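As stored in work_21.cif (mmCIF, C-alpha atoms):
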```cif
data_coords
loop_
_atom_site.label_atom_id
_atom_site.label_comp_id
_atom_site.auth_asym_id
_atom_site.auth_seq_id
_atom_site.Cartn_x
_atom_site.Cartn_y
_atom_site.Cartn_z
CA MET A 4 0.00 0.00 0.00
CA ALA A 5 1.24 3.52 -0.82
CA GLN A 6 2.25 5.95 1.92
CA GLU A 7 -0.77 6.53 4.12
CA ASP A 8 -1.76 9.88 5.53
CA VAL A 9 -4.13 9.37 8.43
CA LYS A 10 -5.26 12.22 10.65
CA LEU A 11 -7.84 12.13 13.40
CA LEU A 12 -9.52 15.40 14.34
CA GLY A 13 -10.75 15.08 17.88
CA PHE A 14 -10.38 15.79 21.55
CA LEU A 15 -9.59 13.18 24.12
CA GLU A 16 -12.57 13.90 26.35
CA SER A 17 -14.93 12.46 23.73
CA PRO A 18 -15.99 8.81 23.91
CA PHE A 19 -16.78 9.04 20.19
CA VAL A 20 -13.17 9.95 19.43
CA CYS A 21 -11.93 7.19 21.74
CA ARG A 22 -13.84 4.61 19.68
CA VAL A 23 -11.97 5.63 16.57
CA GLN A 24 -8.66 5.53 18.42
CA ILE A 25 -9.39 1.99 19.60
CA ALA A 26 -10.31 0.88 16.06
CA LEU A 27 -7.09 2.39 14.64
CA LYS A 28 -5.07 0.73 17.40
CA PHE A 29 -6.69 -2.64 16.68
CA LYS A 30 -5.69 -2.40 13.05
CA GLY A 31 -2.22 -1.08 13.86
CA VAL A 32 -2.78 2.10 11.84
CA GLU A 33 -0.41 4.97 12.56
CA TYR A 34 -2.10 8.36 12.67
CA THR A 35 -1.73 11.91 13.85
CA LEU A 36 -4.21 13.24 16.37
CA VAL A 37 -5.08 16.84 15.50
CA ALA A 38 -6.42 18.20 18.77
CA GLN A 39 -9.62 20.24 18.54
CA HIS A 40 -11.33 22.55 20.98
CA LEU A 41 -14.90 21.93 22.04
CA LYS A 42 -16.04 25.51 21.52
CA ASN A 43 -13.46 27.09 19.22
CA LYS A 44 -14.03 25.08 16.06
CA SER A 45 -10.99 24.99 13.80
CA GLU A 46 -11.13 25.84 10.11
CA GLU A 47 -10.02 22.30 9.38
CA LEU A 48 -12.96 20.86 11.30
CA LEU A 49 -15.44 23.15 9.55
CA LYS A 50 -13.94 22.23 6.18
CA TYR A 51 -13.98 18.48 6.78
CA ASN A 52 -17.31 18.24 8.59
CA PRO A 53 -19.45 21.13 7.32
CA VAL A 54 -22.67 19.28 8.10
CA HIS A 55 -22.31 18.51 11.80
CA LYS A 56 -19.13 20.47 12.65
CA LYS A 57 -18.31 17.76 15.17
CA VAL A 58 -15.48 15.43 16.06
CA PRO A 59 -14.37 12.79 15.34
CA VAL A 60 -13.33 13.28 11.74
CA LEU A 61 -10.94 10.82 10.17
CA VAL A 62 -9.01 12.26 7.25
CA HIS A 63 -7.54 9.47 5.17
CA ASN A 64 -5.29 10.62 2.33
CA GLY A 65 -7.08 13.96 2.32
CA ARG A 66 -10.62 12.54 2.30
CA PRO A 67 -12.79 13.08 5.39
CA ILE A 68 -15.04 10.49 7.01
CA ASN A 69 -17.48 11.63 9.70
CA GLU A 70 -19.46 10.05 12.55
CA SER A 71 -17.82 7.55 14.84
CA LEU A 72 -19.85 4.47 13.83
CA VAL A 73 -19.32 5.19 10.14
CA ILE A 74 -15.60 5.75 10.74
CA VAL A 75 -15.14 2.51 12.68
CA GLU A 76 -16.84 0.53 9.87
CA TYR A 77 -14.64 2.35 7.36
CA ILE A 78 -11.48 1.45 9.29
CA ASP A 79 -12.62 -2.16 9.44
CA GLU A 80 -13.19 -2.27 5.69
CA VAL A 81 -9.99 -0.48 4.65
CA TRP A 82 -7.31 -1.96 6.88
CA LYS A 83 -6.54 -5.63 7.20
CA GLY A 84 -5.85 -7.36 10.50
CA LYS A 85 -8.27 -8.29 13.26
CA SER A 86 -11.90 -7.85 12.14
CA ILE A 87 -14.03 -5.45 14.13
CA LEU A 88 -17.43 -6.37 12.73
CA PRO A 89 -18.47 -10.03 12.65
CA ALA A 90 -18.15 -11.93 9.36
CA VAL A 91 -21.69 -13.36 9.32
CA PRO A 92 -24.32 -10.89 7.96
CA TYR A 93 -26.83 -11.68 10.69
CA HIS A 94 -24.27 -11.02 13.42
CA ARG A 95 -23.19 -7.84 11.60
CA ALA A 96 -26.81 -6.68 11.62
CA LEU A 97 -27.09 -7.36 15.35
CA ALA A 98 -23.84 -5.51 16.02
CA ARG A 99 -25.07 -2.48 14.06
CA PHE A 100 -28.38 -2.61 15.89
CA TRP A 101 -26.77 -2.58 19.36
CA ALA A 102 -24.27 0.08 18.37
CA ASN A 103 -27.14 2.34 17.30
CA PHE A 104 -29.01 1.45 20.46
CA ILE A 105 -26.11 2.60 22.64
CA ASP A 106 -25.94 5.93 20.79
CA ASP A 107 -29.65 6.59 20.40
CA GLU A 108 -31.06 5.28 23.66
CA LEU A 109 -28.46 4.76 26.33
CA PHE A 110 -26.20 7.73 25.65
CA HIS A 111 -29.02 10.28 25.68
CA ALA A 112 -30.72 8.81 28.73
CA VAL A 113 -27.49 8.88 30.76
CA TRP A 114 -26.64 12.38 29.57
CA ARG A 115 -30.08 13.65 30.55
CA CYS A 116 -29.85 12.03 34.00
CA VAL A 117 -26.53 13.66 34.68
CA PHE A 118 -26.97 17.09 33.12
CA THR A 119 -30.35 18.06 34.48
CA THR A 120 -31.42 19.93 37.57
CA ASN A 121 -35.04 19.01 36.97
CA LYS A 122 -36.01 16.20 39.34
CA LYS A 123 -38.82 14.85 37.18
CA GLU A 124 -36.66 14.83 34.06
CA ARG A 125 -33.90 13.06 35.96
CA GLU A 126 -36.27 10.39 37.22
CA GLN A 127 -37.73 9.77 33.77
CA ASN A 128 -34.29 9.40 32.29
CA LEU A 129 -33.09 7.22 35.15
CA LYS A 130 -35.84 4.79 34.20
CA LYS A 131 -34.91 4.99 30.53
CA ALA A 132 -31.22 4.47 31.30
CA HIS A 133 -32.01 1.52 33.58
CA LYS A 134 -34.07 -0.11 30.85
CA ALA A 135 -31.31 0.45 28.31
CA PHE A 136 -28.65 -1.05 30.58
CA GLN A 137 -30.93 -4.01 31.21
CA PHE A 138 -31.29 -4.72 27.49
CA LEU A 139 -27.51 -4.76 27.15
CA GLU A 140 -27.13 -6.91 30.27
CA ASP A 141 -29.53 -9.44 28.76
CA ASP A 142 -27.81 -9.35 25.38
CA LEU A 143 -24.34 -10.02 26.74
CA LYS A 144 -23.72 -13.73 26.27
CA GLY A 145 -19.94 -14.19 26.20
CA LYS A 146 -16.91 -12.51 27.69
CA PHE A 147 -17.36 -9.62 25.26
CA PHE A 148 -20.26 -8.51 23.06
CA GLY A 149 -18.11 -9.80 20.20
CA GLY A 150 -17.83 -13.24 21.92
CA GLU A 151 -14.33 -14.24 23.02
CA GLU A 152 -12.83 -11.30 21.16
CA ILE A 153 -13.51 -7.58 21.34
CA GLY A 154 -15.74 -6.39 18.49
CA PHE A 155 -17.83 -3.49 17.21
CA VAL A 156 -20.32 -3.27 20.09
CA ASP A 157 -17.54 -3.47 22.70
CA ILE A 158 -15.69 -0.58 21.07
CA VAL A 159 -18.88 1.48 20.85
CA ALA A 160 -19.64 0.66 24.50
CA ILE A 161 -16.38 2.20 25.75
CA TYR A 162 -18.71 4.97 26.84
CA ILE A 163 -20.34 2.61 29.33
CA ALA A 164 -17.11 1.16 30.66
CA PHE A 165 -15.10 4.35 31.07
CA TRP A 166 -17.33 7.44 30.88
CA VAL A 167 -20.50 6.36 32.68
CA PRO A 168 -18.76 5.41 35.98
CA MET A 169 -17.11 8.85 36.06
CA MET A 170 -20.27 10.72 35.20
CA GLN A 171 -22.38 8.92 37.79
CA GLU A 172 -19.79 9.52 40.50
CA ILE A 173 -19.71 13.22 39.69
CA ALA A 174 -23.50 13.51 39.65
CA GLY A 175 -23.97 11.27 42.69
CA LEU A 176 -26.07 8.74 40.82
CA GLN A 177 -26.25 4.94 40.88
CA LEU A 178 -26.80 4.22 37.23
CA PHE A 179 -24.46 1.41 36.38
CA THR A 180 -23.31 -0.73 39.27
CA ASN A 181 -22.12 -4.28 39.85
CA GLU A 182 -25.24 -4.97 41.93
CA LYS A 183 -27.66 -3.83 39.25
CA PHE A 184 -25.92 -5.18 36.14
CA PRO A 185 -23.36 -7.81 37.19
CA LYS A 186 -22.67 -9.20 33.70
CA LEU A 187 -22.25 -5.78 32.16
CA TYR A 188 -20.09 -4.66 35.07
CA LYS A 189 -17.84 -7.71 34.71
CA TRP A 190 -17.60 -7.00 30.98
CA SER A 191 -16.54 -3.42 31.69
CA GLN A 192 -13.71 -4.61 33.96
CA GLU A 193 -12.49 -7.20 31.45
CA PHE A 194 -12.72 -4.65 28.65
CA LEU A 195 -10.85 -1.90 30.47
CA SER A 196 -8.04 -4.26 31.44
CA HIS A 197 -7.54 -5.52 27.87
CA PRO A 198 -4.01 -4.46 26.78
CA THR A 199 -5.14 -2.69 23.58
CA ILE A 200 -7.92 -0.80 25.33
CA LYS A 201 -5.65 0.20 28.21
CA GLU A 202 -3.29 1.86 25.76
CA CYS A 203 -6.11 3.97 24.30
CA LEU A 204 -7.60 5.18 27.56
CA PRO A 205 -7.00 8.72 28.70
CA PRO A 206 -5.84 9.27 32.32
CA ARG A 207 -8.90 8.87 34.54
CA ASP A 208 -7.91 11.36 37.25
CA ILE A 209 -7.36 14.24 34.80
CA PHE A 210 -10.61 13.41 33.07
CA PHE A 211 -12.48 13.15 36.31
CA SER A 212 -11.37 16.67 37.28
CA TYR A 213 -12.30 17.97 33.83
CA PHE A 214 -15.82 16.53 33.91
CA LYS A 215 -16.33 17.58 37.53
CA ARG A 216 -15.50 21.15 36.63
CA ARG A 217 -17.78 21.03 33.59
CA TYR A 218 -20.55 19.61 35.71
CA GLU A 219 -20.19 22.32 38.36
CA ILE A 220 -20.19 25.06 35.72
CA HIS A 221 -23.31 23.50 34.25
CA LEU A 222 -25.07 23.38 37.61
CA THR A 223 -24.16 27.00 38.39
CA SER A 224 -25.38 28.23 35.01
CA ALA A 225 -28.61 26.24 35.35
CA LEU A 226 -29.51 27.82 38.71
CA MET B 8 -29.68 -21.92 -1.27
CA ALA B 9 -32.18 -23.79 0.89
CA GLN B 10 -35.83 -22.78 1.01
CA GLU B 11 -36.01 -19.20 2.24
CA ASP B 12 -38.59 -17.95 4.67
CA VAL B 13 -38.77 -14.16 4.50
CA LYS B 14 -41.40 -12.16 6.34
CA LEU B 15 -41.65 -8.42 6.64
CA LEU B 16 -43.59 -7.02 9.58
CA GLY B 17 -44.79 -3.58 8.65
CA PHE B 18 -47.51 -1.25 7.51
CA LEU B 19 -47.59 0.43 4.15
CA GLU B 20 -47.89 3.97 5.48
CA SER B 21 -44.32 3.83 6.80
CA PRO B 22 -41.46 5.15 4.66
CA PHE B 23 -39.14 2.95 6.73
CA VAL B 24 -41.05 -0.15 5.66
CA CYS B 25 -41.09 1.05 2.06
CA ARG B 26 -37.25 1.17 2.05
CA VAL B 27 -37.10 -2.48 2.96
CA GLN B 28 -39.66 -3.36 0.31
CA ILE B 29 -37.58 -1.57 -2.33
CA ALA B 30 -34.40 -3.37 -1.23
CA LEU B 31 -36.14 -6.75 -1.37
CA LYS B 32 -37.56 -5.90 -4.80
CA PHE B 33 -34.10 -4.91 -6.06
CA LYS B 34 -32.70 -8.25 -5.01
CA GLY B 35 -35.69 -10.18 -6.31
CA VAL B 36 -36.45 -11.66 -2.90
CA GLU B 37 -39.91 -13.12 -2.42
CA TYR B 38 -41.44 -12.34 0.94
CA THR B 39 -44.68 -12.18 2.87
CA LEU B 40 -45.81 -8.86 4.24
CA VAL B 41 -47.33 -9.36 7.68
CA ALA B 42 -49.45 -6.25 8.15
CA GLN B 43 -49.17 -4.52 11.51
CA HIS B 44 -51.29 -1.91 13.20
CA LEU B 45 -49.74 1.36 14.34
CA LYS B 46 -51.32 1.28 17.79
CA ASN B 47 -52.32 -2.31 18.36
CA LYS B 48 -48.92 -3.96 18.47
CA SER B 49 -49.05 -7.65 17.59
CA GLU B 50 -47.48 -10.35 19.74
CA GLU B 51 -45.22 -11.16 16.82
CA LEU B 52 -43.92 -7.60 16.68
CA LEU B 53 -43.29 -7.49 20.44
CA LYS B 54 -41.50 -10.84 20.24
CA TYR B 55 -39.29 -9.89 17.31
CA ASN B 56 -38.54 -6.29 18.29
CA PRO B 57 -38.76 -6.16 22.08
CA VAL B 58 -36.42 -3.16 22.27
CA HIS B 59 -38.16 -0.62 20.04
CA LYS B 60 -41.48 -2.40 19.34
CA LYS B 61 -41.47 -0.79 15.91
CA VAL B 62 -41.75 -1.74 12.27
CA PRO B 63 -40.07 -2.68 10.01
CA VAL B 64 -38.89 -6.05 11.20
CA LEU B 65 -37.48 -8.50 8.68
CA VAL B 66 -37.73 -12.09 9.80
CA HIS B 67 -35.37 -14.26 7.77
CA ASN B 68 -35.62 -17.98 8.46
CA GLY B 69 -37.01 -17.20 11.91
CA ARG B 70 -34.35 -14.63 12.86
CA PRO B 71 -35.42 -11.01 13.26
CA ILE B 72 -33.52 -7.97 11.99
CA ASN B 73 -34.64 -4.52 13.13
CA GLU B 74 -34.24 -0.92 11.98
CA SER B 75 -34.62 -0.04 8.33
CA LEU B 76 -31.01 1.00 7.64
CA VAL B 77 -29.67 -2.14 9.31
CA ILE B 78 -32.16 -4.27 7.39
CA VAL B 79 -31.27 -2.76 4.01
CA GLU B 80 -27.56 -3.40 4.63
CA TYR B 81 -28.41 -6.94 5.71
CA ILE B 82 -30.41 -7.56 2.53
CA ASP B 83 -27.52 -6.22 0.47
CA GLU B 84 -25.05 -8.56 2.19
CA VAL B 85 -27.20 -11.69 2.12
CA TRP B 86 -28.73 -11.69 -1.34
CA LYS B 87 -26.82 -11.50 -4.58
CA GLY B 88 -27.84 -9.35 -7.52
CA LYS B 89 -27.59 -5.61 -7.93
CA SER B 90 -25.54 -4.02 -5.14
CA ILE B 91 -27.26 -1.44 -2.98
CA LEU B 92 -24.21 -0.05 -1.17
CA PRO B 93 -21.21 1.07 -3.21
CA ALA B 94 -18.23 -1.30 -3.46
CA VAL B 95 -15.55 1.24 -2.49
CA PRO B 96 -15.19 1.72 1.30
CA TYR B 97 -15.00 5.51 1.07
CA HIS B 98 -18.21 5.67 -0.95
CA ARG B 99 -19.84 3.22 1.45
CA ALA B 100 -18.91 5.52 4.33
CA LEU B 101 -20.41 8.51 2.52
CA ALA B 102 -23.59 6.56 1.77
CA ARG B 103 -23.94 5.58 5.43
CA PHE B 104 -23.31 9.16 6.49
CA TRP B 105 -26.05 10.59 4.24
CA ALA B 106 -28.48 7.83 5.15
CA ASN B 107 -28.04 8.70 8.83
CA PHE B 108 -28.33 12.38 7.99
CA ILE B 109 -31.71 11.86 6.35
CA ASP B 110 -32.99 9.96 9.38
CA ASP B 111 -31.45 12.09 12.12
CA GLU B 112 -31.73 15.60 10.69
CA LEU B 113 -34.12 15.84 7.79
CA PHE B 114 -36.81 13.45 8.94
CA HIS B 115 -37.21 15.03 12.37
CA ALA B 116 -37.12 18.60 11.06
CA VAL B 117 -39.85 17.88 8.49
CA TRP B 118 -41.94 15.98 11.03
CA ARG B 119 -41.72 18.84 13.51
CA CYS B 120 -42.67 21.41 10.86
CA VAL B 121 -45.74 19.45 9.90
CA PHE B 122 -46.97 18.20 13.25
CA THR B 123 -46.77 21.32 15.33
CA THR B 124 -49.26 24.04 16.08
CA ASN B 125 -46.57 26.19 17.69
CA LYS B 126 -45.55 28.92 15.27
CA LYS B 127 -42.07 29.40 16.71
CA GLU B 128 -41.34 25.68 16.68
CA ARG B 129 -42.54 25.46 13.10
CA GLU B 130 -40.31 28.30 12.00
CA GLN B 131 -37.26 26.87 13.72
CA ASN B 132 -37.82 23.52 12.09
CA LEU B 133 -38.55 25.06 8.71
CA LYS B 134 -35.05 26.54 8.86
CA LYS B 135 -33.56 23.21 9.93
CA ALA B 136 -35.41 21.36 7.17
CA HIS B 137 -34.33 23.93 4.58
CA LYS B 138 -30.71 23.54 5.62
CA ALA B 139 -30.97 19.76 5.47
CA PHE B 140 -32.53 19.82 1.98
CA GLN B 141 -29.78 22.20 0.87
CA PHE B 142 -27.04 19.82 2.03
CA LEU B 143 -28.62 17.04 0.00
CA GLU B 144 -29.12 19.32 -3.02
CA ASP B 145 -25.40 20.15 -2.90
CA ASP B 146 -24.39 16.53 -2.48
CA LEU B 147 -26.37 15.27 -5.46
CA LYS B 148 -23.89 14.97 -8.30
CA GLY B 149 -25.34 12.43 -10.74
CA LYS B 150 -28.77 11.25 -11.79
CA PHE B 151 -29.13 9.42 -8.49
CA PHE B 152 -27.27 9.63 -5.19
CA GLY B 153 -25.81 6.28 -6.22
CA GLY B 154 -24.58 7.78 -9.54
CA GLU B 155 -26.20 6.34 -12.67
CA GLU B 156 -27.85 3.59 -10.65
CA ILE B 157 -30.14 3.72 -7.63
CA GLY B 158 -28.27 3.00 -4.40
CA PHE B 159 -28.51 3.11 -0.60
CA VAL B 160 -29.09 6.85 -0.19
CA ASP B 161 -31.76 6.90 -2.92
CA ILE B 162 -33.65 4.10 -1.23
CA VAL B 163 -33.41 5.81 2.15
CA ALA B 164 -34.54 9.09 0.56
CA ILE B 165 -37.85 7.60 -0.65
CA TYR B 166 -39.22 9.61 2.26
CA ILE B 167 -38.25 12.84 0.47
CA ALA B 168 -39.55 11.80 -2.94
CA PHE B 169 -42.89 10.33 -1.90
CA TRP B 170 -43.80 11.30 1.66
CA VAL B 171 -42.57 14.89 1.98
CA PRO B 172 -44.62 16.24 -0.99
CA MET B 173 -47.78 14.74 0.54
CA MET B 174 -47.04 16.01 4.01
CA GLN B 175 -46.28 19.54 2.89
CA GLU B 176 -49.45 19.67 0.81
CA ILE B 177 -51.53 18.57 3.76
CA ALA B 178 -49.89 21.04 6.13
CA GLY B 179 -49.89 23.87 3.57
CA LEU B 180 -46.10 24.25 3.63
CA GLN B 181 -43.52 24.90 0.94
CA LEU B 182 -40.70 22.70 2.17
CA PHE B 183 -39.44 20.88 -0.86
CA THR B 184 -40.18 22.48 -4.22
CA ASN B 185 -38.69 22.57 -7.69
CA GLU B 186 -37.89 26.26 -7.24
CA LYS B 187 -35.99 25.79 -4.00
CA PHE B 188 -34.17 22.55 -4.74
CA PRO B 189 -34.19 21.91 -8.50
CA LYS B 190 -31.62 19.09 -8.54
CA LEU B 191 -33.27 17.26 -5.66
CA TYR B 192 -36.69 17.76 -7.22
CA LYS B 193 -35.52 16.38 -10.56
CA TRP B 194 -34.00 13.43 -8.71
CA SER B 195 -37.33 12.75 -6.99
CA GLN B 196 -39.15 12.64 -10.33
CA GLU B 197 -36.57 10.32 -11.92
CA PHE B 198 -36.60 8.14 -8.84
CA LEU B 199 -40.39 7.83 -8.61
CA SER B 200 -40.67 6.93 -12.28
CA HIS B 201 -38.05 4.17 -12.08
CA PRO B 202 -39.84 0.86 -12.86
CA THR B 203 -38.69 -0.92 -9.67
CA ILE B 204 -39.63 1.98 -7.43
CA LYS B 205 -43.01 2.40 -9.10
CA GLU B 206 -43.89 -1.20 -8.27
CA CYS B 207 -43.13 -0.61 -4.58
CA LEU B 208 -45.06 2.60 -4.14
CA PRO B 209 -48.36 2.58 -2.33
CA PRO B 210 -51.35 4.34 -3.99
CA ARG B 211 -50.86 8.08 -3.44
CA ASP B 212 -54.54 9.06 -3.23
CA ILE B 213 -55.36 6.54 -0.50
CA PHE B 214 -52.26 7.58 1.37
CA PHE B 215 -53.02 11.23 0.98
CA SER B 216 -56.46 10.74 2.57
CA TYR B 217 -54.94 8.68 5.37
CA PHE B 218 -52.34 11.31 6.26
CA LYS B 219 -54.83 14.13 5.89
CA ARG B 220 -57.13 12.44 8.39
CA ARG B 221 -54.23 11.79 10.76
CA TYR B 222 -53.16 15.40 10.46
CA GLU B 223 -56.66 16.71 11.20
CA ILE B 224 -57.01 14.44 14.21
CA HIS B 225 -53.63 15.66 15.41
CA LEU B 226 -54.62 19.31 15.01
CA THR B 227 -57.90 18.78 16.83
CA SER B 228 -56.24 17.00 19.74
CA ALA B 229 -53.53 19.67 19.97
CA LEU B 230 -56.04 22.51 20.33
#
```
Take the structure from the file and write it as structure tokens.
Amino acid sequence: MAQEDVKLLGFLESPFVCRVQIALKFKGVEYTLVAQHLKNKSEELLKYNPVHKKVPVLVHNGRPINESLVIVEYIDEVWKGKSILPAVPYHRALARFWANFIDDELFHAVWRCVFTTNKKEREQNLKKAHKAFQFLEDDLKGKFFGGEEIGFVDIVAIYIAFWVPMMQEIAGLQLFTNEKFPKLYKWSQEFLSHPTIKECLPPRDIFFSYFKRRYEIHLTSAL
Amino acid sequence: MAQEDVKLLGFLESPFVCRVQIALKFKGVEYTLVAQHLKNKSEELLKYNPVHKKVPVLVHNGRPINESLVIVEYIDEVWKGKSILPAVPYHRALARFWANFIDDELFHAVWRCVFTTNKKEREQNLKKAHKAFQFLEDDLKGKFFGGEEIGFVDIVAIYIAFWVPMMQEIAGLQLFTNEKFPKLYKWSQEFLSHPTIKECLPPRDIFFSYFKRRYEIHLTSAL
């Protein structure tokens, strides 16, 4: 293959960016991380993602690919090595379904539990989040969502393993615990201690401080 | 291939079901449509889609696949014949991006323009819808989104070609017109007159009456 130019526009605080980093790591792709700012959008970001103006953007030989799920599938299709999506079409369909579910249902419910000062809204979203976690708990059959190996749904679910425990601690919530979802909790521990995943994870203590500060600013501005 | 058992749980009023019908038609797959009711959810639907309890559900040899975009990709992977997604990974990524865009941005904006009695909300969503149509207008380079042949984005965009004109007429809006989006409008006419698409389309007049009644009921209940 000719010389590859792979850039990832992102910021480390984003679970969506982390997914792409894990996928690149799995395939052994070398890349440059072009750090972005959450509020001050760079010209490069606006040029490469004029529709959503959001990270992550993967720029491969000058061509941009947007949206984390789309990017991870792209990485899986372009680079050889360990497969991220299953080979069997039915299992691929299930993986896509659960990946969408995490983004559409679980992510929003958790976000709305954490970043609200409205008691009723929090309670409604706590129920939604609980239901979403339960569906994933029931779906988890093996060591990982991908079976014995880490796959698409595991990578997408990095949000659950790494971000959710931080967010719930900061907001003083009991969303995702070993008592409530023992299989999912065990998965999260196995997943986070996997050598490849460990290498991709940002430092928890720095992140924790960052999110705590953001949360406090949010609470103050919402008063 | 062994005897195939293909069932589609759906109702004809849904653009999401129509996508799946078009994909099956393209591949020449014979199937049974198991009609569902919008409000009275069947036991079969609840069994096969316990998470979202929504149509469409494709049941292939007893195994359910949910969500229209996931189903269309599944159909493309399982059955031979004309390809629905492009062969090149970069083009596949773009197709997935625009398909998601139609569902996440355009669909909701149009829906919220039509089904609101709040003037401010309507205006906000008119702007959003206009912006979304403009992105698609700019993206359309060939005869179809798939180039010279109908592809994934075209099939997903059946909503724009067939549903949006009905909805805007009923609600007295000028969302998607030849004057505003000439390339997209021309695409819609080419697309609707394609022999395969024509065979999949439900009768417009019956549909128009159905949506008009639904819209009137909605307006009455919102007063």
Discussion item. Using only C-alpha atoms for the distances, tell me which of A:Val159, A:Val81, A:Ile153, A:Ala164 is nearest to chain B.
Written reply: A:Val81
For Glu172 (chain A), find every residue with an atom within 10 Å (counting only C-alpha atoms), except residues of its own chain fewer than 6 positions away, and show them as a tab-separated table (two decimals) with C-alpha atoms, in the coordinates of the input.
```tsv
chain	number	residue	atom	x	y	z
A	117	VAL	CA	-26.53	13.66	34.68
A	178	LEU	CA	-26.80	4.22	37.23
A	211	PHE	CA	-12.48	13.15	36.31
A	215	LYS	CA	-16.33	17.58	37.53
```
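Here CA of Lys183 (chain A) stands at a distance of 16.4 Å from CA of Asn128 (chain A).
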Practice prompt. Tell me, as an MDAnalysis selection string, which residues lie within 6 Å of region 129-144 of chain A, counting only C-alpha atoms; anything in the same chain fewer than 3 positions away does not count.
Written response: chainID A and resid 109 112:113 116 125:126 148 187
Worksheet item: Which chain A residues are at most 7 Å from chain B (counting all atoms listed in the file), as a list in words?
Response: Ile68, Val73, Tyr77, Glu80, Val81, Pro92, Ala96, Arg99 and Phe100 of chain A
Using only C-alpha atoms, please write the residues we just selected to a file, as a PDB file, in the frame of the given file.
```pdb
ATOM      1  CA  ILE A  68     -15.040  10.490   7.010  1.00  0.00           C
ATOM      2  CA  VAL A  73     -19.320   5.190  10.140  1.00  0.00           C
ATOM      3  CA  TYR A  77     -14.640   2.350   7.360  1.00  0.00           C
ATOM      4  CA  GLU A  80     -13.190  -2.270   5.690  1.00  0.00           C
ATOM      5  CA  VAL A  81      -9.990  -0.480   4.650  1.00  0.00           C
ATOM      6  CA  PRO A  92     -24.320 -10.890   7.960  1.00  0.00           C
ATOM      7  CA  ALA A  96     -26.810  -6.680  11.620  1.00  0.00           C
ATOM      8  CA  ARG A  99     -25.070  -2.480  14.060  1.00  0.00           C
ATOM      9  CA  PHE A 100     -28.380  -2.610  15.890  1.00  0.00           C
TER      10      PHE A 100
END
```
